[in-house]
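Have a look at the structure below before the remarks.
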Amino acid sequence: MGQVRARVWVGVDAGKGHHWAVAVDEVGASVWSKKIDNDETAILNAIGEAGALAEQADWAVDISGTASALLLALLAAAGHRPVYVPGRTVNRMAGGYRGEAKTDARDAYVIAETARLRRDFAPIDVPGELVTELALLTAHRSDLIADRVRMINRLRDLLTGVFPALERAFDYSAAKGPLILLTGFQTPAALRRRGRSRLEAWLVKRGVRSADTVADKAMTAAAAQTVALPGEAVAADLVADLARQILALDERIGGIDKQIGATFRCHPQAEIIESLPGMGPILGAEFLASVGDLTAYADSGRLASAAGLAPVPRDSGRRTGNLHRPKRYNRRLRRLFYLSAQTAMMRPGPSRDYYLKKRAEGQRHVQAVIALARRRVDVLWALLRDGRLFTPNAPVTHTA
């Protein structure tokens, strides 16, 4: 392989079918370039070849998801800790090199050069079995939720075309009863033929809560429309089919939620995370899936920065103190901290007191919730660091 160098940096442009790896030396010269199939034997051979180039080989990848899972696992088994170079950074760094061509080999070279020039990229640790399971379950749940939103929107659009009064009568995304109603009745004529009393009995038989209220709203909508719109029969069949699919999807989501809760509570820090008001098993599982453990965060400020809750300055000339939300952060972390803060501030306690304090200072609702989320990052980080449960301060009693 030639002269053995002291150190090389290996950049990997990861893909589903194959990866491309390029190694650069201390002066940025390319010393090795190879296409690697996403296969265990091919990856192990490449790791051996790169290791023979120098006494120390530092690896960097641009994808830390499923496409690079096998590569990362084999690198970890070989004793390497690859760093993650974001795609945005690679794209911007590519403009600093000659030419406009874009190939896998060029991208891998830019990744290697970026890792050589910058030493502040976060290392990628292969998560444990439990965290991996939580990541898979929460990602699957997010997909199911997205499917549900799409189907709800499609149902409302179809219903608006044939029975707009019934579409306005219910919130189909929040209640099960209206969906059950749509599995049997989708047109004004069908509801009028059924009648108020028999419709309520039909709903009660299928376990609909507040069946009388659902029946009243449905019959009021039916009375408001006497004309049959074009395509009503076909649209009615499609609406009924979508309603059944949504109900079945709700059962699947409920099953996934139970599985996530059971898996989450097997984690040794689950009780600590759940002790913080607003952090249930779903958000707790998403937190563990996003963070893993706190070894990658030296303090709570690093965690807040990763969640996009630490403002960054954008000063120029005489403009100082100009703080903005960062553009690069973990959207999933920010969402879960925001949702947990919004849930916690609805109930009496320290979170609501802090939220009301920020509102009294003139902040809008979203600003106050974000400020609360930032504060809760400090609290959660301290709880996990110390291994203790959250305990709200005892209320202060004033005596005469």
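Please note that chains go A, B, ... in the order of the structure tokens, that every chain numbers its residues from 1, and that ligands are numbered from 1 in the order shown.
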message: Show me, as a list in words, the residues that have an atom within 6 Å of A:Ile36 when counting only C-alpha atoms, minus same-chain residues fewer than 3 positions from it.
response: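 After dropping sequence-adjacent residues, the list is His18, His19 and Trp20 of chain A.
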Keeping only N, CA, C and O atoms, write the selected residues to a file as a CSV table (one decimal), in the first residue's frame.
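Resulting contents of again.csv:
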chain,number,residue,atom,x,y,z
A,18,HIS,N,-24.7,1.2,-2.2
A,18,HIS,CA,-23.2,1.2,-2.0
A,18,HIS,C,-22.8,2.5,-1.4
A,18,HIS,O,-23.5,3.5,-1.4
A,19,HIS,N,-21.6,2.5,-0.9
A,19,HIS,CA,-20.9,3.7,-0.4
A,19,HIS,C,-19.7,4.1,-1.2
A,19,HIS,O,-19.2,3.2,-1.9
A,20,TRP,N,-19.3,5.3,-1.1
A,20,TRP,CA,-18.0,5.7,-1.8
A,20,TRP,C,-17.1,6.3,-0.7
A,20,TRP,O,-17.5,7.2,0.0
field: Those in stretch 250-316 of chain A with alpha helix (DSSP H) from DSSP, as a ChimeraX atom specification
entry: /A:250-264,270-275,281-291,300-306
Those residues you just picked out, can you put them in a file as an mmCIF file, in the first residue's frame with C-alpha atoms?
data_model
loop_
_atom_site.group_PDB
_atom_site.id
_atom_site.type_symbol
_atom_site.label_atom_id
_atom_site.label_comp_id
_atom_site.auth_asym_id
_atom_site.auth_seq_id
_atom_site.Cartn_x
_atom_site.Cartn_y
_atom_site.Cartn_z
ATOM 1 C CA ASP A 250 -56.468 4.055 15.233
ATOM 2 C CA GLU A 251 -56.350 0.531 16.633
ATOM 3 C CA ARG A 252 -52.883 0.018 15.148
ATOM 4 C CA ILE A 253 -51.664 3.298 16.641
ATOM 5 C CA GLY A 254 -53.109 2.309 20.016
ATOM 6 C CA GLY A 255 -51.236 -0.985 19.853
ATOM 7 C CA ILE A 256 -47.988 0.765 18.935
ATOM 8 C CA ASP A 257 -48.482 3.202 21.834
ATOM 9 C CA LYS A 258 -48.788 0.308 24.283
ATOM 10 C CA GLN A 259 -45.681 -1.329 22.837
ATOM 11 C CA ILE A 260 -43.727 1.945 23.044
ATOM 12 C CA GLY A 261 -44.821 2.446 26.653
ATOM 13 C CA ALA A 262 -43.792 -1.073 27.670
ATOM 14 C CA THR A 263 -40.426 -0.798 25.894
ATOM 15 C CA PHE A 264 -39.739 2.698 27.231
ATOM 16 C CA ALA A 270 -37.576 6.010 32.198
ATOM 17 C CA GLU A 271 -38.859 6.785 35.681
ATOM 18 C CA ILE A 272 -36.734 9.936 35.877
ATOM 19 C CA ILE A 273 -37.934 11.182 32.493
ATOM 20 C CA GLU A 274 -41.588 10.469 33.269
ATOM 21 C CA SER A 275 -41.339 12.260 36.605
ATOM 22 C CA PRO A 281 -43.962 7.491 27.577
ATOM 23 C CA ILE A 282 -44.361 8.605 23.939
ATOM 24 C CA LEU A 283 -42.372 11.834 24.309
ATOM 25 C CA GLY A 284 -39.955 10.063 26.639
ATOM 26 C CA ALA A 285 -39.349 7.372 24.038
ATOM 27 C CA GLU A 286 -38.771 10.013 21.357
ATOM 28 C CA PHE A 287 -36.302 11.737 23.684
ATOM 29 C CA LEU A 288 -34.305 8.546 24.200
ATOM 30 C CA ALA A 289 -34.454 7.748 20.480
ATOM 31 C CA SER A 290 -33.080 11.204 19.638
ATOM 32 C CA VAL A 291 -30.530 11.577 22.433
ATOM 33 C CA SER A 300 -27.627 21.412 29.332
ATOM 34 C CA GLY A 301 -26.730 24.265 26.990
ATOM 35 C CA ARG A 302 -25.408 21.775 24.419
ATOM 36 C CA LEU A 303 -28.648 19.813 24.654
ATOM 37 C CA ALA A 304 -30.707 23.003 24.280
ATOM 38 C CA SER A 305 -28.607 23.997 21.276
ATOM 39 C CA ALA A 306 -29.201 20.609 19.659
#
- request: Can you work out which one of A:Val234, A:Ala222, A:Leu75, A:Ala112 has the shortest atom-to-atom distance to A:Val31, counting only C-alpha atoms?
  value: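 Among A:Val234, A:Ala222, A:Leu75, A:Ala112, it is A:Ala112 that comes nearest to A:Val31.
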- request: Between A:Leu336, A:Gly11, A:Ala146, A:Ala29, single out the one closest to A:Asp107, counting only C-alpha atoms.
  value: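 Distance minimum relative to A:Asp107 lands on A:Gly11.
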task: Write out as a PyMOL selection string each polymer residue whose atoms come within 12 Å of A:Gly96, counting only C-alpha atoms; drop sequence neighbours fewer than 5 positions from it.
output: chain A and resi 89-91+110+113-114
Save the residues we just selected, N, CA and C atoms, as a CSV table (one decimal), in the first residue's frame?
chain,number,residue,atom,x,y,z
A,89,THR,N,-23.6,21.1,5.5
A,89,THR,CA,-22.2,21.5,5.5
A,89,THR,C,-21.4,21.0,4.3
A,90,VAL,N,-21.6,19.8,3.9
A,90,VAL,CA,-21.0,19.2,2.8
A,90,VAL,C,-21.3,20.0,1.5
A,91,ASN,N,-22.5,20.4,1.4
A,91,ASN,CA,-23.0,21.2,0.2
A,91,ASN,C,-22.3,22.5,0.1
A,110,VAL,N,-15.0,15.7,-0.3
A,110,VAL,CA,-15.3,16.9,0.5
A,110,VAL,C,-15.6,16.5,2.0
A,113,GLU,N,-12.2,16.0,3.6
A,113,GLU,CA,-11.6,17.3,3.8
A,113,GLU,C,-12.2,18.1,4.9
A,114,THR,N,-13.5,18.1,5.0
A,114,THR,CA,-14.2,18.8,6.0
A,114,THR,C,-13.9,18.3,7.4
Mind dumping a table of every stretch 122-207 of chain A residue within 10 Å of stretch 54-66 of chain A, with the nearest atom pair and its distance in Å to one decimal, using only C-alpha atoms, sorted by chain and rising number, as a Markdown table?
| residue | atom | partner | partner_atom | distance |
| --- | --- | --- | --- | --- |
| A:Ala122 | CA | A:Ala60 | CA | 10.0 |
| A:Pro123 | CA | A:Ala60 | CA | 8.6 |
| A:Ile124 | CA | A:Ser64 | CA | 7.5 |
| A:Asp125 | CA | A:Ser64 | CA | 9.7 |
| A:Val126 | CA | A:Ser64 | CA | 9.6 |
statement: Counting only C-alpha atoms, closest pick from A:Leu229, A:Arg335, A:Ala236, A:Thr132 relative to A:His267 is A:Thr132
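By only C-alpha atoms, and with residues fewer than 6 positions from A:Phe390 along its chain excluded, the set lying at most 12 Å from it is A:Glu271, A:Ile272, A:Ile273, A:Glu274, A:Ser275, A:Leu276, A:Pro277, A:Gly278, A:Met279, A:Pro350, A:Arg376, A:Val379, A:Leu380, A:Trp381, A:Ala382, A:Leu383, A:Leu384.
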- request: Once DSSP has gone over the backbone, tell me which residues of stretch 6-221 of chain A are in strand (DSSP E), as a PyMOL selection string.
  value: chain A and resi 6-13+18-24+30-37+54-61+83-84
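Contact shell of A:Arg352 at 12 Å (only C-alpha atoms; same-chain neighbours under 3 positions omitted): A:Pro277, A:Gly278, A:Ser340, A:Ala341, A:Gln342, A:Thr343, A:Ala344, A:Met345, A:Met346, A:Arg347, A:Pro348, A:Gly349, A:Tyr355, A:Leu356, A:Lys357, A:Lys358, A:Arg359, A:Ala368, A:Val369, A:Ala371, A:Leu372, A:Ala373, A:Arg376, A:Pro392.
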Residues from the last selection, N, CA and C atoms, saved as a PDB file, in the first residue's frame:
ATOM      1  N   PRO A 277     -43.211  16.678  34.707  1.00  0.00           N
ATOM      2  CA  PRO A 277     -44.561  16.887  34.177  1.00  0.00           C
ATOM      3  C   PRO A 277     -44.543  17.192  32.683  1.00  0.00           C
ATOM      4  N   GLY A 278     -45.451  16.541  31.957  1.00  0.00           N
ATOM      5  CA  GLY A 278     -45.546  16.743  30.520  1.00  0.00           C
ATOM      6  C   GLY A 278     -44.771  15.748  29.702  1.00  0.00           C
ATOM      7  N   SER A 340     -44.077  18.947  25.331  1.00  0.00           N
ATOM      8  CA  SER A 340     -44.088  18.654  26.766  1.00  0.00           C
ATOM      9  C   SER A 340     -44.273  19.924  27.585  1.00  0.00           C
ATOM     10  N   ALA A 341     -43.656  21.030  27.138  1.00  0.00           N
ATOM     11  CA  ALA A 341     -43.831  22.301  27.839  1.00  0.00           C
ATOM     12  C   ALA A 341     -45.271  22.792  27.721  1.00  0.00           C
ATOM     13  N   GLN A 342     -45.861  22.645  26.558  1.00  0.00           N
ATOM     14  CA  GLN A 342     -47.239  23.091  26.365  1.00  0.00           C
ATOM     15  C   GLN A 342     -48.206  22.261  27.204  1.00  0.00           C
ATOM     16  N   THR A 343     -47.917  20.978  27.360  1.00  0.00           N
ATOM     17  CA  THR A 343     -48.756  20.130  28.210  1.00  0.00           C
ATOM     18  C   THR A 343     -48.585  20.488  29.675  1.00  0.00           C
ATOM     19  N   ALA A 344     -47.345  20.708  30.102  1.00  0.00           N
ATOM     20  CA  ALA A 344     -47.077  20.986  31.511  1.00  0.00           C
ATOM     21  C   ALA A 344     -47.648  22.331  31.949  1.00  0.00           C
ATOM     22  N   MET A 345     -47.647  23.313  31.056  1.00  0.00           N
ATOM     23  CA  MET A 345     -48.102  24.644  31.478  1.00  0.00           C
ATOM     24  C   MET A 345     -49.619  24.713  31.637  1.00  0.00           C
ATOM     25  N   MET A 346     -50.341  23.673  31.198  1.00  0.00           N
ATOM     26  CA  MET A 346     -51.794  23.672  31.356  1.00  0.00           C
ATOM     27  C   MET A 346     -52.241  23.270  32.760  1.00  0.00           C
ATOM     28  N   ARG A 347     -51.324  22.695  33.546  1.00  0.00           N
ATOM     29  CA  ARG A 347     -51.670  22.216  34.884  1.00  0.00           C
ATOM     30  C   ARG A 347     -50.952  23.050  35.937  1.00  0.00           C
ATOM     31  N   PRO A 348     -51.558  23.210  37.111  1.00  0.00           N
ATOM     32  CA  PRO A 348     -50.891  23.973  38.175  1.00  0.00           C
ATOM     33  C   PRO A 348     -49.552  23.362  38.544  1.00  0.00           C
ATOM     34  N   GLY A 349     -48.587  24.210  38.774  1.00  0.00           N
ATOM     35  CA  GLY A 349     -47.256  23.739  39.133  1.00  0.00           C
ATOM     36  C   GLY A 349     -46.199  24.727  38.696  1.00  0.00           C
ATOM     37  N   TYR A 355     -44.606  29.904  33.000  1.00  0.00           N
ATOM     38  CA  TYR A 355     -45.280  30.351  31.775  1.00  0.00           C
ATOM     39  C   TYR A 355     -46.032  31.658  32.029  1.00  0.00           C
ATOM     40  N   LEU A 356     -46.776  31.724  33.123  1.00  0.00           N
ATOM     41  CA  LEU A 356     -47.535  32.945  33.437  1.00  0.00           C
ATOM     42  C   LEU A 356     -46.596  34.116  33.715  1.00  0.00           C
ATOM     43  N   LYS A 357     -45.446  33.834  34.292  1.00  0.00           N
ATOM     44  CA  LYS A 357     -44.466  34.895  34.529  1.00  0.00           C
ATOM     45  C   LYS A 357     -43.988  35.489  33.211  1.00  0.00           C
ATOM     46  N   LYS A 358     -43.701  34.625  32.232  1.00  0.00           N
ATOM     47  CA  LYS A 358     -43.258  35.114  30.933  1.00  0.00           C
ATOM     48  C   LYS A 358     -44.368  35.861  30.208  1.00  0.00           C
ATOM     49  N   ARG A 359     -45.590  35.397  30.363  1.00  0.00           N
ATOM     50  CA  ARG A 359     -46.718  36.116  29.747  1.00  0.00           C
ATOM     51  C   ARG A 359     -46.873  37.501  30.379  1.00  0.00           C
ATOM     52  N   ALA A 368     -43.525  32.338  25.206  1.00  0.00           N
ATOM     53  CA  ALA A 368     -43.517  31.870  26.593  1.00  0.00           C
ATOM     54  C   ALA A 368     -43.330  30.355  26.667  1.00  0.00           C
ATOM     55  N   VAL A 369     -43.950  29.623  25.748  1.00  0.00           N
ATOM     56  CA  VAL A 369     -43.801  28.164  25.746  1.00  0.00           C
ATOM     57  C   VAL A 369     -42.367  27.781  25.396  1.00  0.00           C
ATOM     58  N   ALA A 371     -39.689  29.597  25.932  1.00  0.00           N
ATOM     59  CA  ALA A 371     -38.879  29.921  27.105  1.00  0.00           C
ATOM     60  C   ALA A 371     -39.021  28.841  28.174  1.00  0.00           C
ATOM     61  N   LEU A 372     -40.248  28.351  28.358  1.00  0.00           N
ATOM     62  CA  LEU A 372     -40.469  27.269  29.315  1.00  0.00           C
ATOM     63  C   LEU A 372     -39.762  25.993  28.869  1.00  0.00           C
ATOM     64  N   ALA A 373     -39.825  25.687  27.584  1.00  0.00           N
ATOM     65  CA  ALA A 373     -39.153  24.491  27.058  1.00  0.00           C
ATOM     66  C   ALA A 373     -37.649  24.576  27.308  1.00  0.00           C
ATOM     67  N   ARG A 376     -36.972  23.810  30.881  1.00  0.00           N
ATOM     68  CA  ARG A 376     -37.191  22.400  31.186  1.00  0.00           C
ATOM     69  C   ARG A 376     -36.039  21.528  30.676  1.00  0.00           C
ATOM     70  N   PRO A 392     -41.475  18.914  42.677  1.00  0.00           N
ATOM     71  CA  PRO A 392     -41.781  20.350  42.683  1.00  0.00           C
ATOM     72  C   PRO A 392     -41.543  20.950  44.040  1.00  0.00           C
TER      73      PRO A 392
END
- prompt: Which of these residues is nearest to A:Ala221, using only C-alpha atoms: A:Gln186, A:Ile180, A:Asp237, A:Glu200?
  reply: A:Gln186
query: What is the atom CA of A:Ala218-atom CA of A:Leu238 distance in Å, reported with one decimal?
result: 18.7 Å
- prompt: atom CA of A:Met219 and atom CA of A:Arg192 are how many Å apart?
  reply: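 Between these atoms lies a distance of 7.1 Å.
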field: For A:Leu323, the nearest of the candidates A:Ile145, A:Ala310, A:Ala201, A:Ala52, counting only C-alpha atoms
entry: A:Ala310
- prompt: Using only C-alpha atoms, which of A:Ala296, A:Cys266, A:Thr391, A:Ala42 sits nearest A:Leu134?
  reply: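 Of A:Ala296, A:Cys266, A:Thr391, A:Ala42, the one nearest A:Leu134 is A:Cys266, counting only C-alpha atoms.
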10 Å contact set for A:Leu159, only C-alpha atoms, chain neighbours under 3 positions out, as a compact mmCIF listing (two decimals) with C-alpha atoms, in the first residue's frame:
# COMPACT_ATOMS: atom_id res chain seq x y z
CA ASN A 153 -57.99 15.19 4.89
CA ARG A 154 -59.09 12.98 2.00
CA LEU A 155 -62.27 12.01 3.85
CA ARG A 156 -63.16 15.62 4.60
CA VAL A 162 -71.47 15.56 -1.36
CA PHE A 163 -72.53 16.52 2.17
CA PRO A 164 -70.80 19.74 3.36
CA ALA A 165 -73.14 20.20 6.34
CA LEU A 166 -72.06 16.87 7.82
CA GLU A 167 -68.41 17.67 7.14
CA ARG A 168 -68.74 20.84 9.23
CA LEU A 182 -69.74 7.50 8.46
CA GLN A 186 -72.81 9.28 4.38
CA THR A 187 -75.70 11.10 2.64
CA GLU A 232 -72.97 11.04 -4.37
CA ALA A 235 -68.35 9.30 -2.92
CA ALA A 236 -70.46 7.72 -0.17
CA LEU A 238 -65.33 5.96 -0.64
CA VAL A 239 -66.15 7.90 2.54
